[in-house]
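Visitor: Here it is: the structure, laid out below.
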Amino acid sequence: MPADILQETGLGQGAEKVRIRAAQHAPDADRDRALHPEVVEAVLHAGFARHFVAAQLGGTEGSFTELAGAVIAIGEECPATAWTASLAANSARLAAHLPAEGQRVVWAEGPDALIAAGLIPSGRATPTEGGWLVSGRWNYVSSVEFADWTLLCAAVPAPGAPPQLRFLALPRGACRTLPTWDAIGMTATGSHTVVADEVFVPGHLSFERAELLTGRNTSSQADVHRVPFAAVAGLTFVAPAVGAALGALRAAGTTLTGNRRTPDREAALTRAAALIDAARHLVEENARTIDERDFTPRTLARSERNAASAAELAADAVWALIRTSGTSGLSTGHPLQRFWRDVVTATSHKALQFETSAGRSYAAALLGPQDATD
């Protein structure tokens with residue numbers, strides 16, 4: 001995304017600085033499997049962590065359109081940085097469901113606290129006087145090594161009934177991090193494993209997961225804090241992938257020089273560019289729909305469909321670019337292979353699969369509920 005377009009958004013100036021810093025460190029970050037601290041600092045300084053924090057706590061209460069545009073722009077240079085920026089913003093939005101006292105604790109030092117979230121209910125929360133005792137193991141908690149707080153989903157056992165699911169906020173040092181992230185792509189996201197052993201969490205640092213799913217928020221009336229999870233879940237993860245696909249398109253173009261620039265290869269490049277543009281438009285539609293607060297069942301199902309479709313389009317485009325570029329693009333020193341690995345890894349996320357996100361919800365919205373006699 002050109003710099004002049006970026007300037008139209010609140011995150012624009014900061015995102016452009018992140019792009020520059022991330023591009024400088026991207027090859028080393030991929031090799032070292034970690035973002036450079038200067039890049040993380042740039043993400044925070046640009047305002048990503050505070051983007052959805054309450055205004056009364058110093059936050060921006062910004063828009064999803066602003067965030068999606070900035071994340072895509074950064075992803076064109078370093079997808080792992082874009083992933084970190086996207087999750088920094090969206091994890092803080094989740095924490096805005098905490099009771100008011102809990103929010104004051106989390107953002108006591110300012111609105112730029114970095115929060116890492118474990119969305120899968122992998123642990124257990126046992127009621128105790130004044131709060132909860134939390135134990136468990138959560139995989140794929142991105143940016144946890146840099147996080148000031150970790151927001152974890154856990155199950156509360158309920159004899160004779162399904163367990164209640166809750167999110168609980170734990171400060172840095174309250175749990176252990178195991179360096180388990182070994183994927184071939186998005187290597188620098190630091191999506192490691194978090195382990196908690198009977199950690200006490202006071203009641204004001206917890207909220208029911210049901211609030212997140214429905215968009216109900218008993219602690220805030222801000223629009224950005226009252227968004228059904230289905231509207232935004234896929235957007236969080238697909239925007240960095242679309243940015244990565246744009247980076248792959250640019251990198252592939254550098255391989256088509258001299259006698260390698262043939263009409264067939266130019267046509268393949270053009271088709272890939274169209275797929276990526278289509279993916280970007282789907283992402284932009286999802287962001288705009290949230291900002292317009294269009295949360296009908298059909299629209300929510302469409303948002304899930306759009307995110308999964310955008311992921312497929314981005315992945316298909318990058319595979320086509322790899323085939324077009326040939327061996328030169330697969331050189332370990334060429335950025336195309338890095339973008340390719342990042343897109344494949346990012347689009348494998350569960351929230352971007354038709355089978356686990358959009359498949360049933362959109363079919364039901366389109367066709368109506370299935371007749372039990374069918």
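Following the order of the structure tokens, first chain is A, next is B, and so on, with residues numbered from 1 inside each chain and ligands from 1 in the order they appear.
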For Ala34 of chain A, find every residue with an atom within 10 Å (counting only C-alpha atoms), except residues of its own chain fewer than 2 positions away, and show them as a count of residues only.
Guide: 18
Visitor: Extract, using only C-alpha atoms, all DNA, RNA and protein residues at most 8 Å from Pro240 of chain A, discarding same-chain residues fewer than 6 positions from it, and format them as a PyMOL selection string.
Guide: chain A and resi 71-72+74-75+79-80+82-83+86+346
Visitor: Just write the chosen residues, all heavy atoms, as a PDB file, in the first residue's frame.
Guide:
```
ATOM      1  N   VAL A  71      -2.103  -2.937   8.824  1.00  0.00           N
ATOM      2  CA  VAL A  71      -1.540  -4.290   8.939  1.00  0.00           C
ATOM      3  C   VAL A  71      -1.148  -4.817   7.563  1.00  0.00           C
ATOM      4  O   VAL A  71      -0.073  -5.408   7.384  1.00  0.00           O
ATOM      5  CB  VAL A  71      -2.556  -5.228   9.628  1.00  0.00           C
ATOM      6  CG1 VAL A  71      -2.135  -6.686   9.480  1.00  0.00           C
ATOM      7  CG2 VAL A  71      -2.672  -4.868  11.103  1.00  0.00           C
ATOM      8  N   ILE A  72      -2.006  -4.626   6.566  1.00  0.00           N
ATOM      9  CA  ILE A  72      -1.686  -5.077   5.211  1.00  0.00           C
ATOM     10  C   ILE A  72      -0.421  -4.395   4.710  1.00  0.00           C
ATOM     11  O   ILE A  72       0.460  -5.031   4.110  1.00  0.00           O
ATOM     12  CB  ILE A  72      -2.866  -4.811   4.264  1.00  0.00           C
ATOM     13  CG1 ILE A  72      -4.032  -5.756   4.590  1.00  0.00           C
ATOM     14  CG2 ILE A  72      -2.453  -4.978   2.809  1.00  0.00           C
ATOM     15  CD1 ILE A  72      -5.308  -5.442   3.828  1.00  0.00           C
ATOM     16  N   ILE A  74       2.128  -3.182   6.409  1.00  0.00           N
ATOM     17  CA  ILE A  74       3.319  -3.721   7.078  1.00  0.00           C
ATOM     18  C   ILE A  74       3.618  -5.128   6.584  1.00  0.00           C
ATOM     19  O   ILE A  74       4.774  -5.513   6.395  1.00  0.00           O
ATOM     20  CB  ILE A  74       3.123  -3.695   8.601  1.00  0.00           C
ATOM     21  CG1 ILE A  74       3.029  -2.260   9.093  1.00  0.00           C
ATOM     22  CG2 ILE A  74       4.280  -4.413   9.306  1.00  0.00           C
ATOM     23  CD1 ILE A  74       2.601  -2.143  10.542  1.00  0.00           C
ATOM     24  N   GLY A  75       2.567  -5.918   6.341  1.00  0.00           N
ATOM     25  CA  GLY A  75       2.755  -7.278   5.879  1.00  0.00           C
ATOM     26  C   GLY A  75       3.486  -7.371   4.555  1.00  0.00           C
ATOM     27  O   GLY A  75       4.135  -8.377   4.263  1.00  0.00           O
ATOM     28  N   PRO A  79       5.650 -10.025   7.149  1.00  0.00           N
ATOM     29  CA  PRO A  79       4.383 -10.585   7.630  1.00  0.00           C
ATOM     30  C   PRO A  79       4.372 -10.869   9.128  1.00  0.00           C
ATOM     31  O   PRO A  79       3.327 -10.714   9.778  1.00  0.00           O
ATOM     32  CB  PRO A  79       4.251 -11.880   6.811  1.00  0.00           C
ATOM     33  CG  PRO A  79       5.017 -11.604   5.558  1.00  0.00           C
ATOM     34  CD  PRO A  79       6.185 -10.771   5.987  1.00  0.00           C
ATOM     35  N   ALA A  80       5.499 -11.285   9.700  1.00  0.00           N
ATOM     36  CA  ALA A  80       5.530 -11.570  11.138  1.00  0.00           C
ATOM     37  C   ALA A  80       5.301 -10.294  11.952  1.00  0.00           C
ATOM     38  O   ALA A  80       4.629 -10.321  12.992  1.00  0.00           O
ATOM     39  CB  ALA A  80       6.857 -12.215  11.528  1.00  0.00           C
ATOM     40  N   ALA A  82       3.548  -7.717  10.852  1.00  0.00           N
ATOM     41  CA  ALA A  82       2.132  -7.409  10.648  1.00  0.00           C
ATOM     42  C   ALA A  82       1.259  -8.264  11.553  1.00  0.00           C
ATOM     43  O   ALA A  82       0.273  -7.783  12.116  1.00  0.00           O
ATOM     44  CB  ALA A  82       1.758  -7.636   9.185  1.00  0.00           C
ATOM     45  N   TRP A  83       1.605  -9.528  11.691  1.00  0.00           N
ATOM     46  CA  TRP A  83       0.867 -10.444  12.573  1.00  0.00           C
ATOM     47  C   TRP A  83       0.925  -9.932  14.013  1.00  0.00           C
ATOM     48  O   TRP A  83      -0.092  -9.883  14.717  1.00  0.00           O
ATOM     49  CB  TRP A  83       1.493 -11.815  12.467  1.00  0.00           C
ATOM     50  CG  TRP A  83       0.826 -12.939  13.200  1.00  0.00           C
ATOM     51  CD1 TRP A  83       1.006 -13.306  14.501  1.00  0.00           C
ATOM     52  CD2 TRP A  83      -0.127 -13.868  12.660  1.00  0.00           C
ATOM     53  NE1 TRP A  83       0.249 -14.412  14.813  1.00  0.00           N
ATOM     54  CE2 TRP A  83      -0.461 -14.771  13.698  1.00  0.00           C
ATOM     55  CE3 TRP A  83      -0.718 -14.031  11.414  1.00  0.00           C
ATOM     56  CZ2 TRP A  83      -1.364 -15.820  13.516  1.00  0.00           C
ATOM     57  CZ3 TRP A  83      -1.612 -15.079  11.230  1.00  0.00           C
ATOM     58  CH2 TRP A  83      -1.928 -15.945  12.268  1.00  0.00           C
ATOM     59  N   SER A  86      -1.261  -6.794  14.330  1.00  0.00           N
ATOM     60  CA  SER A  86      -2.682  -7.132  14.307  1.00  0.00           C
ATOM     61  C   SER A  86      -3.132  -7.722  15.637  1.00  0.00           C
ATOM     62  O   SER A  86      -4.165  -7.336  16.200  1.00  0.00           O
ATOM     63  CB  SER A  86      -2.957  -8.120  13.170  1.00  0.00           C
ATOM     64  OG  SER A  86      -4.328  -8.422  13.076  1.00  0.00           O
ATOM     65  N   ALA A 346       0.289 -18.681   7.662  1.00  0.00           N
ATOM     66  CA  ALA A 346      -0.772 -17.814   8.183  1.00  0.00           C
ATOM     67  C   ALA A 346      -2.149 -18.317   7.771  1.00  0.00           C
ATOM     68  O   ALA A 346      -3.088 -18.331   8.583  1.00  0.00           O
ATOM     69  CB  ALA A 346      -0.571 -16.382   7.698  1.00  0.00           C
TER      70      ALA A 346
END
```
Visitor: When you draw a straight line from atom CA of Gly59 of chain A to atom CA of Asp294 of chain A, how long is it in Å?
Guide: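 If I compute the distance from atom CA of Gly59 of chain A to atom CA of Asp294 of chain A, I get 23.8 Å.
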Visitor: Just the alpha helix (DSSP H) stuff from segment 202-232 of chain A, please, per backbone DSSP, written as a list in words.
Guide: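 Taking segment 202-232 of chain A and keeping alpha helix (DSSP H) only, one gets Arg209, Ala210, Glu211, Leu212, Leu213, Thr214, Phe229, Ala230, Ala231 and Val232 of chain A.
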Visitor: Export N, CA and C atoms of the chosen residues as a PDB file, in the first residue's frame?
Guide:
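File selection.pdb, as written:
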```
ATOM      1  N   ARG A 209     -16.280 -15.881  28.562  1.00  0.00           N
ATOM      2  CA  ARG A 209     -16.033 -15.967  27.121  1.00  0.00           C
ATOM      3  C   ARG A 209     -17.298 -15.670  26.317  1.00  0.00           C
ATOM      4  N   ALA A 210     -18.464 -15.959  26.874  1.00  0.00           N
ATOM      5  CA  ALA A 210     -19.717 -15.718  26.158  1.00  0.00           C
ATOM      6  C   ALA A 210     -19.863 -14.258  25.758  1.00  0.00           C
ATOM      7  N   GLU A 211     -19.344 -13.341  26.584  1.00  0.00           N
ATOM      8  CA  GLU A 211     -19.405 -11.919  26.235  1.00  0.00           C
ATOM      9  C   GLU A 211     -18.673 -11.660  24.933  1.00  0.00           C
ATOM     10  N   LEU A 212     -17.530 -12.294  24.790  1.00  0.00           N
ATOM     11  CA  LEU A 212     -16.714 -12.094  23.602  1.00  0.00           C
ATOM     12  C   LEU A 212     -17.439 -12.604  22.362  1.00  0.00           C
ATOM     13  N   LEU A 213     -18.066 -13.750  22.466  1.00  0.00           N
ATOM     14  CA  LEU A 213     -18.726 -14.357  21.312  1.00  0.00           C
ATOM     15  C   LEU A 213     -19.908 -13.523  20.848  1.00  0.00           C
ATOM     16  N   THR A 214     -20.686 -13.015  21.786  1.00  0.00           N
ATOM     17  CA  THR A 214     -21.897 -12.276  21.431  1.00  0.00           C
ATOM     18  C   THR A 214     -21.650 -10.807  21.139  1.00  0.00           C
ATOM     19  N   PHE A 229     -17.669 -11.921  18.022  1.00  0.00           N
ATOM     20  CA  PHE A 229     -16.372 -12.501  17.671  1.00  0.00           C
ATOM     21  C   PHE A 229     -16.331 -12.973  16.223  1.00  0.00           C
ATOM     22  N   ALA A 230     -17.445 -13.491  15.704  1.00  0.00           N
ATOM     23  CA  ALA A 230     -17.467 -13.991  14.328  1.00  0.00           C
ATOM     24  C   ALA A 230     -17.157 -12.899  13.317  1.00  0.00           C
ATOM     25  N   ALA A 231     -17.437 -11.644  13.662  1.00  0.00           N
ATOM     26  CA  ALA A 231     -17.211 -10.542  12.731  1.00  0.00           C
ATOM     27  C   ALA A 231     -15.733 -10.230  12.558  1.00  0.00           C
ATOM     28  N   VAL A 232     -14.944 -10.516  13.576  1.00  0.00           N
ATOM     29  CA  VAL A 232     -13.565 -10.018  13.579  1.00  0.00           C
ATOM     30  C   VAL A 232     -12.508 -11.105  13.638  1.00  0.00           C
TER      31      VAL A 232
END
```
Visitor: Which neighbours of Ala287 of chain A fall inside 6 Å, counting only C-alpha atoms, when residues of the same chain fewer than 3 positions from it are skipped, and could you give them as a list in words?
Guide: Phe64, Thr65, Glu284 and Ile290 of chain A
Visitor: Would you save the residues of that selection, restricted to N, CA, C and O atoms, as a PDB file, in the first residue's frame?
Guide:
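File written: out.pdb
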```
ATOM      1  N   PHE A  64     -11.644  -0.474  12.619  1.00  0.00           N
ATOM      2  CA  PHE A  64     -11.115  -1.698  12.026  1.00  0.00           C
ATOM      3  C   PHE A  64     -10.563  -1.430  10.630  1.00  0.00           C
ATOM      4  O   PHE A  64      -9.633  -2.089  10.193  1.00  0.00           O
ATOM      5  N   THR A  65     -11.137  -0.468   9.934  1.00  0.00           N
ATOM      6  CA  THR A  65     -10.632  -0.112   8.611  1.00  0.00           C
ATOM      7  C   THR A  65      -9.215   0.433   8.702  1.00  0.00           C
ATOM      8  O   THR A  65      -8.339   0.079   7.900  1.00  0.00           O
ATOM      9  N   GLU A 284     -11.158  -5.651   3.249  1.00  0.00           N
ATOM     10  CA  GLU A 284     -11.658  -4.291   3.445  1.00  0.00           C
ATOM     11  C   GLU A 284     -13.166  -4.276   3.685  1.00  0.00           C
ATOM     12  O   GLU A 284     -13.671  -3.488   4.497  1.00  0.00           O
ATOM     13  N   ILE A 290     -17.718  -4.083  10.062  1.00  0.00           N
ATOM     14  CA  ILE A 290     -17.631  -3.931  11.518  1.00  0.00           C
ATOM     15  C   ILE A 290     -17.798  -2.466  11.907  1.00  0.00           C
ATOM     16  O   ILE A 290     -18.550  -2.134  12.824  1.00  0.00           O
TER      17      ILE A 290
END
```
Visitor: I'd like the interatomic distance between atom CA of Arg172 of chain A and atom CA of Ala147 of chain A, to a tenth of an Å.
Guide: 6.8 Å
Visitor: Using only C-alpha atoms, pick whichever of A:Gly130, A:Gly136, A:Gly329, A:Pro171 has the shortest atom-to-atom distance to Val194 of chain A.
Guide: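 Nearest to Val194 of chain A: A:Gly136.
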Visitor: Fewer than 6 positions away in the same chain doesn't count, so skip those; otherwise give me all residues within 12 Å of Ala108 of chain A, counting only C-alpha atoms, as a list in words.
Guide: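 My reading of the contact set: Gln56, Leu57, Gly58, Ala100, Glu101, Gly102, Asp148, Trp149 and Pro171 of chain A.
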Visitor: Residues at most 7 Å from Leu11 of chain A, counting only C-alpha atoms, excluding those fewer than 2 positions away in the same chain, as a PDB file with all heavy atoms, in the first residue's frame?
Guide:
```pdb
ATOM      1  N   THR A   9      -5.005   7.313   7.238  1.00  0.00           N
ATOM      2  CA  THR A   9      -5.488   6.642   8.433  1.00  0.00           C
ATOM      3  C   THR A   9      -4.742   7.123   9.664  1.00  0.00           C
ATOM      4  O   THR A   9      -3.623   7.625   9.590  1.00  0.00           O
ATOM      5  CB  THR A   9      -5.307   5.119   8.310  1.00  0.00           C
ATOM      6  OG1 THR A   9      -3.912   4.808   8.445  1.00  0.00           O
ATOM      7  CG2 THR A   9      -5.806   4.604   6.981  1.00  0.00           C
ATOM      8  N   GLN A  13       1.042   7.206   9.642  1.00  0.00           N
ATOM      9  CA  GLN A  13       2.418   7.657   9.813  1.00  0.00           C
ATOM     10  C   GLN A  13       3.224   6.642  10.603  1.00  0.00           C
ATOM     11  O   GLN A  13       4.355   6.308  10.243  1.00  0.00           O
ATOM     12  CB  GLN A  13       2.447   9.025  10.502  1.00  0.00           C
ATOM     13  CG  GLN A  13       3.852   9.606  10.620  1.00  0.00           C
ATOM     14  CD  GLN A  13       3.831  11.005  11.216  1.00  0.00           C
ATOM     15  OE1 GLN A  13       2.784  11.526  11.576  1.00  0.00           O
ATOM     16  NE2 GLN A  13       5.000  11.626  11.317  1.00  0.00           N
ATOM     17  N   GLY A  14       2.639   6.125  11.666  1.00  0.00           N
ATOM     18  CA  GLY A  14       3.335   5.128  12.461  1.00  0.00           C
ATOM     19  C   GLY A  14       3.560   3.843  11.699  1.00  0.00           C
ATOM     20  O   GLY A  14       4.627   3.224  11.793  1.00  0.00           O
ATOM     21  N   ALA A  15       2.564   3.418  10.902  1.00  0.00           N
ATOM     22  CA  ALA A  15       2.691   2.187  10.134  1.00  0.00           C
ATOM     23  C   ALA A  15       3.808   2.301   9.105  1.00  0.00           C
ATOM     24  O   ALA A  15       4.538   1.329   8.855  1.00  0.00           O
ATOM     25  CB  ALA A  15       1.373   1.855   9.452  1.00  0.00           C
ATOM     26  N   ALA A  46       3.908   3.059  17.290  1.00  0.00           N
ATOM     27  CA  ALA A  46       2.975   3.443  16.231  1.00  0.00           C
ATOM     28  C   ALA A  46       1.528   3.477  16.713  1.00  0.00           C
ATOM     29  O   ALA A  46       0.670   4.063  16.057  1.00  0.00           O
ATOM     30  CB  ALA A  46       3.104   2.481  15.053  1.00  0.00           C
ATOM     31  N   GLY A  47       1.252   2.814  17.825  1.00  0.00           N
ATOM     32  CA  GLY A  47      -0.089   2.874  18.394  1.00  0.00           C
ATOM     33  C   GLY A  47      -0.947   1.643  18.184  1.00  0.00           C
ATOM     34  O   GLY A  47      -2.165   1.701  18.412  1.00  0.00           O
ATOM     35  N   GLU A  66      -8.987   1.312   9.688  1.00  0.00           N
ATOM     36  CA  GLU A  66      -7.634   1.839   9.898  1.00  0.00           C
ATOM     37  C   GLU A  66      -6.650   0.713  10.173  1.00  0.00           C
ATOM     38  O   GLU A  66      -5.558   0.659   9.596  1.00  0.00           O
ATOM     39  CB  GLU A  66      -7.629   2.803  11.080  1.00  0.00           C
ATOM     40  CG  GLU A  66      -8.353   4.117  10.849  1.00  0.00           C
ATOM     41  CD  GLU A  66      -8.400   4.955  12.112  1.00  0.00           C
ATOM     42  OE1 GLU A  66      -8.435   4.390  13.219  1.00  0.00           O
ATOM     43  OE2 GLU A  66      -8.416   6.177  11.981  1.00  0.00           O
ATOM     44  N   ALA A  70      -3.376  -0.645   7.812  1.00  0.00           N
ATOM     45  CA  ALA A  70      -2.014  -0.546   8.339  1.00  0.00           C
ATOM     46  C   ALA A  70      -1.347  -1.915   8.418  1.00  0.00           C
ATOM     47  O   ALA A  70      -0.162  -2.066   8.103  1.00  0.00           O
ATOM     48  CB  ALA A  70      -2.049   0.107   9.720  1.00  0.00           C
TER      49      ALA A  70
END
```
Visitor: Between atom CA of Ala351 of chain A and atom CA of Leu282 of chain A, what is the distance in Å, rounded to a tenth?
Guide: 15.3 Å
Visitor: May I have the residues within 8 Å of Gln164 of chain A as a VMD selection string, using only C-alpha atoms and disregarding those fewer than 6 positions away in the same chain?
Guide: chain A and resid 155 to 158 208
Visitor: Selected residues, N, CA, C and O atoms, written as a PDB file, in the first residue's frame, please.
Guide:
```pdb
ATOM      1  N   ALA A 155     -11.400 -23.360  31.212  1.00  0.00           N
ATOM      2  CA  ALA A 155     -12.701 -23.934  31.533  1.00  0.00           C
ATOM      3  C   ALA A 155     -12.893 -23.996  33.042  1.00  0.00           C
ATOM      4  O   ALA A 155     -11.964 -24.354  33.784  1.00  0.00           O
ATOM      5  N   VAL A 156     -14.088 -23.632  33.490  1.00  0.00           N
ATOM      6  CA  VAL A 156     -14.459 -23.737  34.903  1.00  0.00           C
ATOM      7  C   VAL A 156     -15.330 -24.984  35.057  1.00  0.00           C
ATOM      8  O   VAL A 156     -16.451 -25.019  34.548  1.00  0.00           O
ATOM      9  N   PRO A 157     -14.824 -26.029  35.715  1.00  0.00           N
ATOM     10  CA  PRO A 157     -15.607 -27.263  35.848  1.00  0.00           C
ATOM     11  C   PRO A 157     -16.950 -27.005  36.515  1.00  0.00           C
ATOM     12  O   PRO A 157     -17.052 -26.237  37.471  1.00  0.00           O
ATOM     13  N   ALA A 158     -17.982 -27.650  35.981  1.00  0.00           N
ATOM     14  CA  ALA A 158     -19.333 -27.522  36.539  1.00  0.00           C
ATOM     15  C   ALA A 158     -19.947 -28.921  36.585  1.00  0.00           C
ATOM     16  O   ALA A 158     -20.331 -29.447  35.544  1.00  0.00           O
ATOM     17  N   GLU A 208     -16.366 -13.615  31.288  1.00  0.00           N
ATOM     18  CA  GLU A 208     -16.929 -14.782  30.623  1.00  0.00           C
ATOM     19  C   GLU A 208     -16.668 -14.733  29.116  1.00  0.00           C
ATOM     20  O   GLU A 208     -16.826 -13.688  28.480  1.00  0.00           O
TER      21      GLU A 208
END
```
Visitor: Using only C-alpha atoms, can you tell me which of A:Pro159, A:His225, A:Ala174, A:Ala311 comes closest to Ala92 of chain A?
Guide: A:His225
Visitor: List every residue of segment 44-129 of chain A that DSSP, applied to the backbone of this structure, assigns to strand (DSSP E), and report them as a PyMOL selection string.
Guide: chain A and resi 115-128
Visitor: Residues near segment 253-258 of chain A, anyone? I mean within 12 Å using only C-alpha atoms, not counting same-chain ones fewer than 2 positions away, as a CSV table (one decimal) with N, CA, C and O atoms, in the first residue's frame.
Guide:
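And here's result_21.csv as it stands now:
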```
chain,number,residue,atom,x,y,z
A,246,LEU,N,1.0,-9.5,-1.1
A,246,LEU,CA,1.4,-8.3,-1.9
A,246,LEU,C,3.0,-8.3,-1.9
A,246,LEU,O,3.5,-7.9,-2.9
A,247,GLY,N,3.6,-8.6,-0.8
A,247,GLY,CA,5.1,-8.7,-0.8
A,247,GLY,C,5.6,-9.7,-1.8
A,247,GLY,O,6.6,-9.5,-2.4
A,248,ALA,N,4.9,-10.9,-1.8
A,248,ALA,CA,5.3,-11.9,-2.7
A,248,ALA,C,5.2,-11.5,-4.2
A,248,ALA,O,6.0,-11.8,-5.0
A,249,LEU,N,4.1,-10.7,-4.5
A,249,LEU,CA,3.9,-10.3,-5.8
A,249,LEU,C,5.0,-9.4,-6.2
A,249,LEU,O,5.6,-9.5,-7.4
A,250,ARG,N,5.4,-8.5,-5.4
A,250,ARG,CA,6.6,-7.6,-5.7
A,250,ARG,C,7.8,-8.4,-5.8
A,250,ARG,O,8.6,-8.1,-6.8
A,251,ALA,N,8.1,-9.3,-4.9
A,251,ALA,CA,9.3,-10.1,-5.0
A,251,ALA,C,9.3,-11.0,-6.3
A,251,ALA,O,10.4,-11.1,-6.9
A,260,ARG,N,13.5,-14.3,-19.1
A,260,ARG,CA,12.5,-14.9,-18.3
A,260,ARG,C,11.2,-14.1,-18.4
A,260,ARG,O,10.1,-14.6,-18.0
A,261,ARG,N,11.2,-12.9,-18.9
A,261,ARG,CA,10.0,-12.1,-19.1
A,261,ARG,C,9.3,-12.5,-20.4
A,261,ARG,O,9.5,-11.9,-21.4
A,262,THR,N,8.4,-13.4,-20.3
A,262,THR,CA,7.7,-14.0,-21.4
A,262,THR,C,6.2,-13.6,-21.3
A,262,THR,O,5.7,-13.3,-20.1
A,263,PRO,N,5.4,-13.6,-22.4
A,263,PRO,CA,4.0,-13.4,-22.3
A,263,PRO,C,3.2,-14.3,-21.3
A,263,PRO,O,2.4,-13.8,-20.6
A,264,ASP,N,3.6,-15.6,-21.2
A,264,ASP,CA,3.0,-16.5,-20.3
A,264,ASP,C,3.2,-16.1,-18.9
A,264,ASP,O,2.3,-16.2,-18.0
A,265,ARG,N,4.5,-15.7,-18.6
A,265,ARG,CA,4.8,-15.4,-17.2
A,265,ARG,C,4.2,-14.1,-16.8
A,265,ARG,O,3.7,-13.9,-15.7
A,266,GLU,N,4.1,-13.1,-17.7
A,266,GLU,CA,3.4,-11.9,-17.5
A,266,GLU,C,1.9,-12.1,-17.2
A,266,GLU,O,1.3,-11.5,-16.3
A,267,ALA,N,1.3,-13.0,-17.9
A,267,ALA,CA,-0.1,-13.3,-17.7
A,267,ALA,C,-0.3,-14.0,-16.4
A,267,ALA,O,-1.3,-13.7,-15.6
A,268,ALA,N,0.6,-14.9,-16.0
A,268,ALA,CA,0.5,-15.5,-14.7
A,268,ALA,C,0.7,-14.5,-13.5
A,268,ALA,O,-0.1,-14.6,-12.5
A,269,LEU,N,1.6,-13.5,-13.7
A,269,LEU,CA,1.8,-12.5,-12.7
A,269,LEU,C,0.5,-11.7,-12.6
A,269,LEU,O,0.1,-11.3,-11.5
A,270,THR,N,-0.1,-11.4,-13.7
A,270,THR,CA,-1.3,-10.6,-13.7
A,270,THR,C,-2.5,-11.3,-13.0
A,270,THR,O,-3.2,-10.7,-12.3
A,272,ALA,N,-2.2,-13.6,-10.7
A,272,ALA,CA,-1.9,-13.6,-9.3
A,272,ALA,C,-2.3,-12.2,-8.6
A,272,ALA,O,-2.8,-12.1,-7.5
A,273,ALA,N,-1.9,-11.1,-9.3
A,273,ALA,CA,-2.3,-9.8,-8.8
A,273,ALA,C,-3.8,-9.6,-8.7
A,273,ALA,O,-4.2,-9.0,-7.7
A,321,LEU,N,2.7,-17.6,-8.0
A,321,LEU,CA,3.9,-16.8,-8.2
A,321,LEU,C,5.2,-17.7,-8.0
A,321,LEU,O,6.2,-17.5,-8.7
A,322,ILE,N,5.1,-18.7,-7.1
A,322,ILE,CA,6.2,-19.6,-7.0
A,322,ILE,C,6.5,-20.4,-8.3
A,322,ILE,O,7.6,-20.5,-8.7
A,323,ARG,N,5.4,-20.9,-8.9
A,323,ARG,CA,5.5,-21.6,-10.1
A,323,ARG,C,6.1,-20.8,-11.2
A,323,ARG,O,6.9,-21.2,-12.0
A,324,THR,N,5.6,-19.5,-11.3
A,324,THR,CA,6.0,-18.6,-12.3
A,324,THR,C,7.5,-18.2,-12.2
A,324,THR,O,8.2,-18.1,-13.2
A,325,SER,N,7.9,-18.0,-11.0
A,325,SER,CA,9.3,-17.6,-10.7
A,325,SER,C,10.3,-18.7,-10.8
A,325,SER,O,11.5,-18.4,-11.1
A,326,GLY,N,9.9,-19.9,-10.6
A,326,GLY,CA,10.8,-21.0,-10.7
A,326,GLY,C,11.9,-21.1,-9.6
A,326,GLY,O,11.7,-20.5,-8.5
A,327,THR,N,13.0,-21.7,-9.9
A,327,THR,CA,14.0,-22.0,-9.0
A,327,THR,C,14.6,-20.7,-8.3
A,327,THR,O,14.9,-20.7,-7.2
A,328,SER,N,14.7,-19.6,-9.1
A,328,SER,CA,15.3,-18.4,-8.6
A,328,SER,C,14.5,-17.9,-7.4
A,328,SER,O,15.1,-17.3,-6.5
A,329,GLY,N,13.2,-18.0,-7.5
A,329,GLY,CA,12.4,-17.5,-6.3
A,329,GLY,C,12.5,-18.3,-5.1
A,329,GLY,O,12.1,-17.9,-4.0
A,330,LEU,N,13.0,-19.5,-5.2
A,330,LEU,CA,13.2,-20.4,-4.1
A,330,LEU,C,14.5,-20.4,-3.4
A,330,LEU,O,14.8,-21.2,-2.5
A,331,SER,N,15.4,-19.6,-3.9
A,331,SER,CA,16.7,-19.4,-3.3
A,331,SER,C,16.5,-18.9,-1.9
A,331,SER,O,15.7,-18.1,-1.6
A,334,HIS,N,16.3,-15.2,-1.4
A,334,HIS,CA,15.3,-14.5,-2.1
A,334,HIS,C,14.1,-14.3,-1.3
A,334,HIS,O,13.6,-15.2,-0.6
A,335,PRO,N,13.5,-13.1,-1.2
A,335,PRO,CA,12.4,-12.8,-0.3
A,335,PRO,C,11.1,-13.6,-0.7
A,335,PRO,O,10.3,-13.8,0.2
A,336,LEU,N,11.0,-14.0,-2.0
A,336,LEU,CA,9.8,-14.6,-2.4
A,336,LEU,C,9.5,-15.9,-1.6
A,336,LEU,O,8.4,-16.2,-1.2
A,337,GLN,N,10.5,-16.7,-1.4
A,337,GLN,CA,10.3,-18.0,-0.6
A,337,GLN,C,9.9,-17.7,0.8
A,337,GLN,O,9.1,-18.5,1.4
```
